[in-house]
>>> print(open('run.cif').read())   # mmCIF, C-alpha atoms
data_run
#
loop_
_atom_site.group_PDB
_atom_site.id
_atom_site.type_symbol
_atom_site.label_atom_id
_atom_site.label_comp_id
_atom_site.auth_asym_id
_atom_site.auth_seq_id
_atom_site.Cartn_x
_atom_site.Cartn_y
_atom_site.Cartn_z
ATOM 1 C CA MET A 97 6.670 -10.655 -14.236
ATOM 2 C CA ALA A 98 6.340 -11.245 -17.937
ATOM 3 C CA THR A 99 7.629 -8.021 -19.411
ATOM 4 C CA ARG A 100 8.529 -6.053 -16.308
ATOM 5 C CA PRO A 101 11.953 -5.957 -14.699
ATOM 6 C CA PRO A 102 12.353 -7.811 -11.395
ATOM 7 C CA THR A 103 11.224 -5.584 -8.595
ATOM 8 C CA ARG A 104 11.024 -5.775 -4.842
ATOM 9 C CA PRO A 105 7.952 -4.702 -2.905
ATOM 10 C CA TRP A 106 7.959 -3.044 0.479
ATOM 11 C CA LEU A 107 4.677 -3.120 2.398
ATOM 12 C CA PRO A 108 3.794 -1.618 5.721
ATOM 13 C CA ASP A 109 0.439 -2.281 7.302
ATOM 14 C CA CYS A 110 -0.137 0.787 9.483
ATOM 15 C CA PRO A 111 1.130 4.387 9.246
ATOM 16 C CA GLU A 112 3.694 5.623 11.669
ATOM 17 C CA LEU A 113 4.414 8.901 13.364
ATOM 18 C CA PRO A 114 6.033 11.513 11.106
ATOM 19 C CA SER A 115 9.381 10.933 12.821
ATOM 20 C CA ARG A 116 9.334 7.278 11.864
ATOM 21 C CA ILE A 117 9.094 5.198 8.727
ATOM 22 C CA SER A 118 7.071 2.059 8.390
ATOM 23 C CA GLY A 119 7.056 -0.231 5.408
ATOM 24 C CA ARG A 120 8.433 -3.252 3.605
ATOM 25 C CA GLN A 121 11.772 -3.523 1.899
ATOM 26 C CA TYR A 122 13.045 -6.249 -0.350
ATOM 27 C CA GLN A 123 16.464 -7.669 -1.086
ATOM 28 C CA GLN A 124 17.371 -8.413 -4.673
ATOM 29 C CA SER A 125 18.195 -11.792 -6.043
ATOM 30 C CA THR A 126 21.620 -12.361 -7.534
ATOM 31 C CA SER A 127 20.065 -12.309 -10.994
ATOM 32 C CA GLN A 128 18.920 -8.719 -10.645
ATOM 33 C CA SER A 129 20.805 -5.808 -12.089
ATOM 34 C CA PRO A 130 21.766 -2.828 -9.900
ATOM 35 C CA ASP A 131 19.192 -0.500 -11.471
ATOM 36 C CA GLU A 132 16.175 -2.711 -10.873
ATOM 37 C CA PRO A 133 13.513 -1.099 -8.634
ATOM 38 C CA GLN A 134 12.454 -2.257 -5.196
ATOM 39 C CA ILE A 135 8.781 -2.167 -4.245
ATOM 40 C CA LEU A 136 7.721 -0.712 -0.922
ATOM 41 C CA GLN A 137 4.310 -0.728 0.636
ATOM 42 C CA PRO A 138 3.747 1.756 3.466
ATOM 43 C CA PRO A 139 1.590 1.401 6.563
ATOM 44 C CA ASP A 140 -2.046 0.509 6.368
ATOM 45 C CA SER A 141 -4.075 3.472 7.481
ATOM 46 C CA ARG A 142 -7.403 1.736 7.630
ATOM 47 C CA HIS A 143 -6.852 -0.060 10.893
ATOM 48 C CA ARG A 144 -6.919 0.713 14.592
ATOM 49 C CA ARG A 145 -3.898 1.777 16.638
ATOM 50 C CA CYS A 146 -2.156 2.931 13.496
ATOM 51 C CA PHE A 147 0.530 4.876 15.304
ATOM 52 C CA ASP A 148 1.980 1.893 17.130
ATOM 53 C CA PRO A 149 4.877 0.388 15.130
ATOM 54 C CA ARG A 150 4.001 -3.014 16.556
ATOM 55 C CA ASN A 151 0.797 -2.833 14.527
ATOM 56 C CA THR A 152 2.639 -1.935 11.336
ATOM 57 C CA GLY A 153 3.531 -4.835 9.086
ATOM 58 C CA PHE A 154 6.170 -4.590 6.384
ATOM 59 C CA ALA A 155 7.504 -7.027 3.817
ATOM 60 C CA VAL A 156 10.529 -7.365 1.579
ATOM 61 C CA ALA A 157 10.058 -9.288 -1.672
ATOM 62 C CA ARG A 158 12.294 -10.364 -4.514
ATOM 63 C CA SER A 159 11.579 -11.157 -8.134
ATOM 64 C CA GLY A 160 13.651 -13.923 -9.653
ATOM 65 C CA ASP A 161 13.502 -16.649 -12.257
ATOM 66 C CA ARG A 162 10.632 -18.348 -10.398
ATOM 67 C CA GLY A 163 8.546 -15.244 -9.829
ATOM 68 C CA TRP A 164 8.020 -13.121 -6.766
ATOM 69 C CA ARG A 165 9.103 -14.263 -3.328
ATOM 70 C CA ILE A 166 8.768 -12.528 0.027
ATOM 71 C CA GLU A 167 12.137 -12.561 1.768
ATOM 72 C CA SER A 168 11.126 -10.999 5.087
ATOM 73 C CA LEU A 169 7.817 -10.154 6.701
ATOM 74 C CA GLU A 170 7.482 -8.579 10.130
ATOM 75 C CA THR A 171 5.998 -5.854 12.294
ATOM 76 C CA GLY A 172 7.809 -2.891 13.793
ATOM 77 C CA LYS A 173 9.220 -2.605 17.288
ATOM 78 C CA ARG A 174 8.385 0.142 19.729
ATOM 79 C CA GLU A 175 12.001 0.609 20.827
ATOM 80 C CA ILE A 176 13.384 0.936 17.284
ATOM 81 C CA PRO A 177 12.245 3.653 14.853
ATOM 82 C CA LEU A 178 10.485 2.046 11.925
ATOM 83 C CA ALA A 179 12.494 4.193 9.568
ATOM 84 C CA LYS A 180 15.686 2.567 10.765
ATOM 85 C CA THR A 181 14.182 -0.916 10.631
ATOM 86 C CA ILE A 182 13.051 -0.417 7.062
ATOM 87 C CA LEU A 183 16.210 1.246 5.826
ATOM 88 C CA ASP A 184 18.282 -1.574 7.285
ATOM 89 C CA ARG A 185 16.452 -3.890 4.886
ATOM 90 C CA LEU A 186 16.728 -1.674 1.841
ATOM 91 C CA ALA A 187 19.362 -1.798 -0.838
ATOM 92 C CA SER A 188 20.261 1.877 -0.949
ATOM 93 C CA ASP A 189 21.417 1.751 -4.556
ATOM 94 C CA ARG A 190 18.117 0.369 -5.906
ATOM 95 C CA PRO A 191 15.043 2.302 -7.059
ATOM 96 C CA ILE A 192 12.020 1.937 -4.776
ATOM 97 C CA LEU A 193 8.386 1.393 -5.671
ATOM 98 C CA VAL A 194 6.226 2.241 -2.669
ATOM 99 C CA ALA A 195 2.804 0.571 -2.508
ATOM 100 C CA ILE A 196 0.858 2.140 0.349
ATOM 101 C CA GLU A 197 -2.667 1.666 1.654
ATOM 102 C CA PRO A 198 -3.459 5.011 3.315
ATOM 103 C CA PRO A 199 -5.081 7.650 1.080
ATOM 104 C CA LEU A 200 -2.560 9.939 -0.572
ATOM 105 C CA GLY A 201 -4.876 12.859 -1.270
ATOM 106 C CA TRP A 202 -8.090 14.589 -0.247
ATOM 107 C CA PRO A 203 -11.281 15.148 -2.303
ATOM 108 C CA GLU A 204 -10.909 18.160 -4.564
ATOM 109 C CA PRO A 205 -14.394 19.542 -3.713
ATOM 110 C CA LEU A 206 -13.572 19.416 0.006
ATOM 111 C CA ALA A 207 -10.219 21.122 -0.473
ATOM 112 C CA GLY A 208 -11.850 23.885 -2.474
ATOM 113 C CA ALA A 209 -14.657 24.384 0.024
ATOM 114 C CA LEU A 210 -12.288 24.608 2.983
ATOM 115 C CA ALA A 211 -9.906 27.040 1.331
ATOM 116 C CA GLY A 212 -12.128 30.078 1.863
ATOM 117 C CA HIS A 213 -14.330 28.833 4.682
ATOM 118 C CA ARG A 214 -14.877 30.857 7.846
ATOM 119 C CA ALA A 215 -16.082 29.505 11.179
ATOM 120 C CA GLY A 216 -19.849 29.623 11.561
ATOM 121 C CA GLU A 217 -20.515 29.877 7.842
ATOM 122 C CA PRO A 218 -22.147 27.070 5.836
ATOM 123 C CA LEU A 219 -19.744 24.865 3.937
ATOM 124 C CA PRO A 220 -20.311 25.163 0.153
ATOM 125 C CA LEU A 221 -20.086 21.434 -0.331
ATOM 126 C CA GLU A 222 -22.396 18.719 -1.617
ATOM 127 C CA SER A 223 -22.038 16.032 1.038
ATOM 128 C CA ALA A 224 -22.835 13.218 -1.381
ATOM 129 C CA ILE A 225 -19.583 13.801 -3.276
ATOM 130 C CA GLY A 226 -17.587 16.181 -1.119
ATOM 131 C CA PHE A 227 -16.094 13.711 1.332
ATOM 132 C CA ALA A 228 -15.073 10.940 -1.073
ATOM 133 C CA ARG A 229 -12.541 10.967 -3.890
ATOM 134 C CA GLU A 230 -13.231 10.022 -7.479
ATOM 135 C CA THR A 231 -11.159 6.874 -7.007
ATOM 136 C CA ASP A 232 -13.174 5.887 -3.921
ATOM 137 C CA ARG A 233 -16.379 6.040 -5.946
ATOM 138 C CA PHE A 234 -14.772 4.051 -8.753
ATOM 139 C CA VAL A 235 -13.682 1.304 -6.347
ATOM 140 C CA ARG A 236 -17.216 1.057 -5.008
ATOM 141 C CA GLU A 237 -18.672 0.933 -8.526
ATOM 142 C CA GLN A 238 -16.297 -1.820 -9.640
ATOM 143 C CA THR A 239 -16.078 -3.968 -6.501
ATOM 144 C CA GLY A 240 -18.999 -3.050 -4.254
ATOM 145 C CA LEU A 241 -16.538 -2.036 -1.520
ATOM 146 C CA LYS A 242 -16.559 1.426 0.017
ATOM 147 C CA PRO A 243 -13.153 2.765 1.074
ATOM 148 C CA LEU A 244 -13.198 4.977 4.142
ATOM 149 C CA ASP A 245 -13.745 8.631 3.246
ATOM 150 C CA VAL A 246 -10.514 10.470 3.992
ATOM 151 C CA GLY A 247 -12.572 13.655 4.206
ATOM 152 C CA ALA A 248 -14.935 12.345 6.869
ATOM 153 C CA ASP A 249 -13.400 9.452 8.812
ATOM 154 C CA ARG A 250 -10.567 9.116 11.327
ATOM 155 C CA ILE A 251 -8.417 7.856 8.479
ATOM 156 C CA ALA A 252 -7.430 11.478 7.794
ATOM 157 C CA ARG A 253 -4.923 11.398 10.656
ATOM 158 C CA THR A 254 -3.454 8.182 9.296
ATOM 159 C CA ALA A 255 -3.242 9.661 5.804
ATOM 160 C CA GLU A 256 -1.296 12.651 7.114
ATOM 161 C CA ALA A 257 1.098 10.358 8.974
ATOM 162 C CA ALA A 258 1.568 8.228 5.854
ATOM 163 C CA LEU A 259 2.443 11.292 3.782
ATOM 164 C CA SER A 260 5.003 12.276 6.403
ATOM 165 C CA LEU A 261 6.380 8.759 6.212
ATOM 166 C CA ILE A 262 6.750 9.001 2.443
ATOM 167 C CA GLU A 263 8.545 12.331 2.772
ATOM 168 C CA ALA A 264 10.899 10.777 5.318
ATOM 169 C CA LEU A 265 11.611 7.971 2.851
ATOM 170 C CA ARG A 266 12.404 10.522 0.182
ATOM 171 C CA ASN A 267 14.802 12.351 2.464
ATOM 172 C CA LEU A 268 16.521 9.230 3.743
ATOM 173 C CA THR A 269 16.877 7.472 0.391
ATOM 174 C CA GLY A 270 17.407 10.495 -1.848
ATOM 175 C CA GLN A 271 14.746 9.173 -4.243
ATOM 176 C CA ALA A 272 11.927 11.343 -5.590
ATOM 177 C CA LEU A 273 9.204 8.661 -5.272
ATOM 178 C CA PRO A 274 6.725 10.412 -7.605
ATOM 179 C CA LEU A 275 3.076 9.378 -7.730
ATOM 180 C CA LEU A 276 2.793 6.961 -10.652
ATOM 181 C CA SER A 277 -0.052 7.102 -13.164
ATOM 182 C CA GLY A 278 0.810 3.783 -14.807
ATOM 183 C CA ALA A 279 3.251 0.891 -14.864
ATOM 184 C CA GLU A 280 4.904 1.765 -18.149
ATOM 185 C CA ASN A 281 8.107 3.112 -16.621
ATOM 186 C CA PRO A 282 8.593 1.798 -13.066
ATOM 187 C CA GLU A 283 12.362 1.418 -13.442
ATOM 188 C CA ASN A 284 13.024 4.602 -11.480
ATOM 189 C CA GLY A 285 10.608 3.724 -8.721
ATOM 190 C CA GLY A 286 7.692 5.743 -7.422
ATOM 191 C CA LEU A 287 4.541 5.644 -5.341
ATOM 192 C CA VAL A 288 1.151 3.919 -5.669
ATOM 193 C CA GLU A 289 -1.853 3.618 -3.378
ATOM 194 C CA VAL A 290 -3.362 0.147 -2.946
ATOM 195 C CA TYR A 291 -6.401 -1.375 -1.194
ATOM 196 C CA PRO A 292 -5.957 -4.979 0.060
ATOM 197 C CA ALA A 293 -9.707 -5.485 0.562
ATOM 198 C CA ALA A 294 -10.341 -4.815 -3.125
ATOM 199 C CA THR A 295 -7.504 -7.138 -4.099
ATOM 200 C CA LEU A 296 -9.066 -9.910 -2.018
ATOM 201 C CA LYS A 297 -12.496 -9.247 -3.512
ATOM 202 C CA GLN A 298 -11.241 -9.330 -7.096
ATOM 203 C CA ARG A 299 -9.358 -12.550 -6.434
ATOM 204 C CA GLY A 300 -12.377 -14.256 -4.899
ATOM 205 C CA LEU A 301 -10.678 -14.619 -1.521
ATOM 206 C CA PRO A 302 -12.372 -14.126 1.872
ATOM 207 C CA ARG A 303 -12.055 -10.596 3.175
ATOM 208 C CA ARG A 304 -14.125 -10.739 6.351
ATOM 209 C CA GLY A 305 -13.047 -11.924 9.750
ATOM 210 C CA TYR A 306 -9.354 -12.436 9.067
ATOM 211 C CA LYS A 307 -8.302 -9.446 11.160
ATOM 212 C CA LYS A 308 -9.564 -10.949 14.404
ATOM 213 C CA PRO A 309 -6.689 -11.933 16.729
ATOM 214 C CA HIS A 310 -7.499 -15.634 16.688
ATOM 215 C CA ALA A 311 -8.575 -15.890 13.032
ATOM 216 C CA THR A 312 -5.554 -17.998 12.093
ATOM 217 C CA ARG A 313 -7.611 -20.346 9.932
ATOM 218 C CA GLU A 314 -9.020 -17.466 7.896
ATOM 219 C CA ARG A 315 -5.564 -15.948 7.421
ATOM 220 C CA GLY A 316 -4.237 -19.343 6.388
ATOM 221 C CA VAL A 317 -6.878 -19.623 3.670
ATOM 222 C CA ILE A 318 -5.865 -16.223 2.287
ATOM 223 C CA ALA A 319 -2.162 -17.046 2.475
ATOM 224 C CA ASP A 320 -2.748 -20.235 0.503
ATOM 225 C CA GLY A 321 -4.925 -18.334 -1.966
ATOM 226 C CA ILE A 322 -2.209 -15.842 -2.897
ATOM 227 C CA SER A 323 0.688 -18.301 -2.838
ATOM 228 C CA GLY A 324 0.229 -19.108 -6.524
ATOM 229 C CA ASP A 325 1.259 -15.572 -7.522
ATOM 230 C CA LEU A 326 3.473 -14.711 -4.574
ATOM 231 C CA ASN A 327 5.879 -17.184 -2.978
ATOM 232 C CA LEU A 328 5.519 -16.652 0.759
ATOM 233 C CA SER A 329 8.313 -19.116 1.475
ATOM 234 C CA ARG A 330 9.220 -19.168 5.159
ATOM 235 C CA CYS A 331 7.075 -16.054 5.728
ATOM 236 C CA ARG A 332 3.783 -17.918 5.421
ATOM 237 C CA GLN A 333 3.554 -18.373 9.174
ATOM 238 C CA ALA A 334 3.926 -14.632 9.727
ATOM 239 C CA CYS A 335 0.820 -14.110 7.556
ATOM 240 C CA ILE A 336 -1.084 -16.565 9.721
ATOM 241 C CA ASP A 337 0.114 -15.109 13.007
ATOM 242 C CA SER A 338 -0.438 -11.433 12.194
ATOM 243 C CA GLU A 339 -3.152 -9.572 10.304
ATOM 244 C CA HIS A 340 -0.657 -6.759 9.752
ATOM 245 C CA CYS A 341 1.876 -9.033 8.094
ATOM 246 C CA LEU A 342 -0.838 -10.535 5.904
ATOM 247 C CA ASP A 343 -1.969 -7.079 4.813
ATOM 248 C CA ALA A 344 1.650 -6.278 3.992
ATOM 249 C CA ALA A 345 1.838 -9.359 1.786
ATOM 250 C CA LEU A 346 -1.392 -8.316 0.070
ATOM 251 C CA CYS A 347 0.095 -4.898 -0.637
ATOM 252 C CA VAL A 348 3.072 -6.592 -2.281
ATOM 253 C CA LEU A 349 0.714 -8.725 -4.343
ATOM 254 C CA THR A 350 -1.162 -5.627 -5.521
ATOM 255 C CA ALA A 351 2.127 -3.971 -6.428
ATOM 256 C CA VAL A 352 2.958 -7.005 -8.563
ATOM 257 C CA ASP A 353 -0.458 -6.754 -10.230
ATOM 258 C CA PHE A 354 0.283 -3.071 -10.883
ATOM 259 C CA LEU A 355 3.621 -3.862 -12.512
ATOM 260 C CA ASN A 356 2.041 -6.578 -14.616
ATOM 261 C CA GLY A 357 -0.612 -4.185 -15.952
ATOM 262 C CA LYS A 358 -3.511 -6.000 -14.278
ATOM 263 C CA CYS A 359 -4.928 -3.036 -12.384
ATOM 264 C CA ALA A 360 -7.662 -0.574 -13.321
ATOM 265 C CA VAL A 361 -5.995 2.543 -14.727
ATOM 266 C CA PRO A 362 -6.836 6.144 -13.773
ATOM 267 C CA PHE A 363 -9.439 7.853 -15.936
ATOM 268 C CA SER A 364 -9.805 11.052 -13.928
ATOM 269 C CA ASN A 365 -7.841 14.265 -14.303
ATOM 270 C CA LEU A 366 -8.108 14.551 -10.524
ATOM 271 C CA MET A 367 -5.690 11.649 -10.039
ATOM 272 C CA ARG A 368 -2.709 13.931 -9.424
ATOM 273 C CA GLN A 369 -4.556 15.881 -6.757
ATOM 274 C CA GLU A 370 -6.725 13.230 -5.124
ATOM 275 C CA GLY A 371 -4.679 10.072 -5.728
ATOM 276 C CA TRP A 372 -5.721 6.760 -7.250
ATOM 277 C CA ILE A 373 -6.358 3.337 -5.704
ATOM 278 C CA TRP A 374 -4.787 0.509 -7.713
ATOM 279 C CA PHE A 375 -6.585 -2.845 -7.614
ATOM 280 C CA PRO A 376 -7.106 -5.723 -10.074
ATOM 281 C CA ARG A 377 -9.477 -4.476 -12.760
ATOM 282 C CA ARG A 378 -11.353 -7.784 -12.956
ATOM 283 C CA ALA A 379 -11.651 -10.994 -11.010
ATOM 284 C CA LEU A 380 -8.426 -12.970 -10.906
ATOM 285 C CA SER A 381 -8.250 -16.633 -10.061
#
>>> encode(input="run.cif", output="structure tokens")
Amino acid sequence: MATRPPTRPWLPDCPELPSRISGRQYQQSTSQSPDEPQILQPPDSRHRRCFDPRNTGFAVARSGDRGWRIESLETGKREIPLAKTILDRLASDRPILVAIEPPLGWPEPLAGALAGHRAGEPLPLESAIGFARETDRFVREQTGLKPLDVGADRIARTAEAALSLIEALRNLTGQALPLLSGAENPENGGLVEVYPAATLKQRGLPRRGYKKPHATRERGVIADGISGDLNLSRCRQACIDSEHCLDAALCVLTAVDFLNGKCAVPFSNLMRQEGWIWFPRRALS
């Protein structure tokens, strides 16, 4: 963290029901001051069974003299609300930076077309651009990856659940968690959308096959590949055992890239309405 204050990331891997909270929370090291932000990454909306807390990974990381280190990495439990699990790992007096994978907004053309639409009438929408956000197109242009269209895919339900999760976090922590447009002033915390697949692509790490239940070797390769910038410590095995925990760690890593100014910055005025995906702006090794 060259010029940025130590921060802790929180990363969930799959969105939870509105009544629950899923994510990662980090404890601070003794060297951190009370006003240093924590980083949270909410549930990953791009995966199956997103409403089961057992398929939601979350991580707690700490920034110290030797860089970033993940302190805890786990999945939720069905019998315990994720909100409670996460809050139990949060330092309530610290600012929070939430790094979340689900989309945080809908395409502006789609929103406009639906506003006055009536059943049976044609939708005044150009399908080529109406179902994807400006940031989705930018990710594809820069990385060759195509994020799921929140306006057309099942991810819309996950996105809604993630937004409810964020609102629950706001209510429970008393923090505003505004959508951030840059890393200049993260001291008060906030909210960013991330995309682990793009982070893997930009870092030259394998992004296919690691989500399969028995793909422990593939997950191990990724864990080793990110360990130079993120100390997994005793949590390395959790990355190998669970795709959800590994995605949570990748969300933390992207949050660190964001804080270090290594991500592509928003260029569109639609960012506030549609959201923006943060990912490394060029290949990192």
>>> axis_aligned_box(input="run.cif", around="stretch 316-326 of chain A", padding_each_side="8 Å", output="JSON")
{"center_x": -1.7, "center_y": -17.5, "center_z": -0.6, "size_x": 26.4, "size_y": 21.5, "size_z": 29.9}
>>> resolve_selection(input="run.cif", expression="the PyMOL selection byres ((chain A and resi 223) around 12)", output="PDB file with C-alpha atoms, in the coordinates of the input")
ATOM      1  CA  PRO A 203     -11.281  15.148  -2.303  1.00  0.00           C
ATOM      2  CA  PRO A 205     -14.394  19.542  -3.713  1.00  0.00           C
ATOM      3  CA  LEU A 206     -13.572  19.416   0.006  1.00  0.00           C
ATOM      4  CA  ALA A 209     -14.657  24.384   0.024  1.00  0.00           C
ATOM      5  CA  LEU A 219     -19.744  24.865   3.937  1.00  0.00           C
ATOM      6  CA  PRO A 220     -20.311  25.163   0.153  1.00  0.00           C
ATOM      7  CA  LEU A 221     -20.086  21.434  -0.331  1.00  0.00           C
ATOM      8  CA  GLU A 222     -22.396  18.719  -1.617  1.00  0.00           C
ATOM      9  CA  ALA A 224     -22.835  13.218  -1.381  1.00  0.00           C
ATOM     10  CA  ILE A 225     -19.583  13.801  -3.276  1.00  0.00           C
ATOM     11  CA  GLY A 226     -17.587  16.181  -1.119  1.00  0.00           C
ATOM     12  CA  PHE A 227     -16.094  13.711   1.332  1.00  0.00           C
ATOM     13  CA  ALA A 228     -15.073  10.940  -1.073  1.00  0.00           C
ATOM     14  CA  ARG A 229     -12.541  10.967  -3.890  1.00  0.00           C
ATOM     15  CA  ASP A 245     -13.745   8.631   3.246  1.00  0.00           C
ATOM     16  CA  GLY A 247     -12.572  13.655   4.206  1.00  0.00           C
ATOM     17  CA  ALA A 248     -14.935  12.345   6.869  1.00  0.00           C
TER      18      ALA A 248
END
>>> residues_near_point(input="run.cif", point="(-5.5, -10.5, 9.2)", cutoff="8 Å", atoms="all atoms listed in the file", output="number ranges by chain")
A: 305-309, 311, 314-315, 335-336, 338-343
>>> write_last_selection(input="run.cif", atoms="C-alpha atoms", output="JSON list (two decimals), keeping the file's coordinate frame")
[["chain", "number", "residue", "atom", "x", "y", "z"],
["A", 305, "GLY", "CA", -13.05, -11.92, 9.75],
["A", 306, "TYR", "CA", -9.35, -12.44, 9.07],
["A", 307, "LYS", "CA", -8.30, -9.45, 11.16],
["A", 308, "LYS", "CA", -9.56, -10.95, 14.40],
["A", 309, "PRO", "CA", -6.69, -11.93, 16.73],
["A", 311, "ALA", "CA", -8.57, -15.89, 13.03],
["A", 314, "GLU", "CA", -9.02, -17.47, 7.90],
["A", 315, "ARG", "CA", -5.56, -15.95, 7.42],
["A", 335, "CYS", "CA", 0.82, -14.11, 7.56],
["A", 336, "ILE", "CA", -1.08, -16.57, 9.72],
["A", 338, "SER", "CA", -0.44, -11.43, 12.19],
["A", 339, "GLU", "CA", -3.15, -9.57, 10.30],
["A", 340, "HIS", "CA", -0.66, -6.76, 9.75],
["A", 341, "CYS", "CA", 1.88, -9.03, 8.09],
["A", 342, "LEU", "CA", -0.84, -10.54, 5.90],
["A", 343, "ASP", "CA", -1.97, -7.08, 4.81]]
>>> atom_distance(input="run.cif", atom1="atom CA of A:Lys173", atom2="atom CA of A:Phe154")
11.5 Å
>>> atom_distance(input="run.cif", atom1="atom CA of A:Gly216", atom2="atom CA of A:Ile251")
24.8 Å
>>> closest_atom_pairs(input="run.cif", of="stretch 304-362 of chain A", to="stretch 174-196 of chain A", cutoff="9 Å", atoms="all atoms listed in the file", output="tab-separated table")
residue	atom	partner	partner_atom	distance
A:Cys347	CA	A:Ala195	CA	6.4
A:Val348	CA	A:Ala195	CA	7.2
A:Thr350	CA	A:Ala195	CA	8.0
A:Ala351	CA	A:Ala195	CA	6.0
>>> closest_residue(input="run.cif", among="A:Glu256, A:Asp337, A:Asp353, A:Glu263", to="A:Thr295", atoms="all atoms listed in the file")
A:Asp353
>>> atom_distance(input="run.cif", atom1="atom CA of A:Gly316", atom2="atom CA of A:Arg236")
26.7 Å
>>> closest_atom_pairs(input="run.cif", of="stretch 246-311 of chain A", to="stretch 366-380 of chain A", cutoff="12 Å", atoms="all atoms listed in the file", output="JSON lines")
{"residue": "A:Val246", "atom": "CA", "partner": "A:Glu370", "partner_atom": "CA", "distance": 10.3}
{"residue": "A:Gly247", "atom": "CA", "partner": "A:Glu370", "partner_atom": "CA", "distance": 11.0}
{"residue": "A:Ala255", "atom": "CA", "partner": "A:Gly371", "partner_atom": "CA", "distance": 11.6}
{"residue": "A:Leu259", "atom": "CA", "partner": "A:Gly371", "partner_atom": "CA", "distance": 11.9}
{"residue": "A:Pro274", "atom": "CA", "partner": "A:Arg368", "partner_atom": "CA", "distance": 10.2}
{"residue": "A:Leu275", "atom": "CA", "partner": "A:Arg368", "partner_atom": "CA", "distance": 7.6}
{"residue": "A:Leu276", "atom": "CA", "partner": "A:Arg368", "partner_atom": "CA", "distance": 9.0}
{"residue": "A:Ser277", "atom": "CA", "partner": "A:Met367", "partner_atom": "CA", "distance": 7.9}
{"residue": "A:Gly278", "atom": "CA", "partner": "A:Trp374", "partner_atom": "CA", "distance": 9.6}
{"residue": "A:Ala279", "atom": "CA", "partner": "A:Trp374", "partner_atom": "CA", "distance": 10.8}
{"residue": "A:Leu287", "atom": "CA", "partner": "A:Gly371", "partner_atom": "CA", "distance": 10.2}
{"residue": "A:Val288", "atom": "CA", "partner": "A:Trp374", "partner_atom": "CA", "distance": 7.1}
{"residue": "A:Glu289", "atom": "CA", "partner": "A:Ile373", "partner_atom": "CA", "distance": 5.1}
{"residue": "A:Val290", "atom": "CA", "partner": "A:Trp374", "partner_atom": "CA", "distance": 5.0}
{"residue": "A:Tyr291", "atom": "CA", "partner": "A:Ile373", "partner_atom": "CA", "distance": 6.5}
{"residue": "A:Pro292", "atom": "CA", "partner": "A:Phe375", "partner_atom": "CA", "distance": 8.0}
{"residue": "A:Ala293", "atom": "CA", "partner": "A:Phe375", "partner_atom": "CA", "distance": 9.1}
{"residue": "A:Ala294", "atom": "CA", "partner": "A:Phe375", "partner_atom": "CA", "distance": 6.2}
{"residue": "A:Thr295", "atom": "CA", "partner": "A:Phe375", "partner_atom": "CA", "distance": 5.6}
{"residue": "A:Leu296", "atom": "CA", "partner": "A:Pro376", "partner_atom": "CA", "distance": 9.3}
{"residue": "A:Lys297", "atom": "CA", "partner": "A:Ala379", "partner_atom": "CA", "distance": 7.7}
{"residue": "A:Gln298", "atom": "CA", "partner": "A:Ala379", "partner_atom": "CA", "distance": 4.3}
{"residue": "A:Arg299", "atom": "CA", "partner": "A:Leu380", "partner_atom": "CA", "distance": 4.6}
{"residue": "A:Gly300", "atom": "CA", "partner": "A:Ala379", "partner_atom": "CA", "distance": 7.0}
{"residue": "A:Leu301", "atom": "CA", "partner": "A:Leu380", "partner_atom": "CA", "distance": 9.8}
>>> closest_residue(input="run.cif", among="A:Arg332, A:Trp164, A:Pro243, A:Asp320", to="A:Leu355", atoms="only C-alpha atoms")
A:Trp164
>>> closest_residue(input="run.cif", among="A:Gly163, A:Gly240, A:Pro362, A:Pro199", to="A:Gly324", atoms="only C-alpha atoms")
A:Gly163
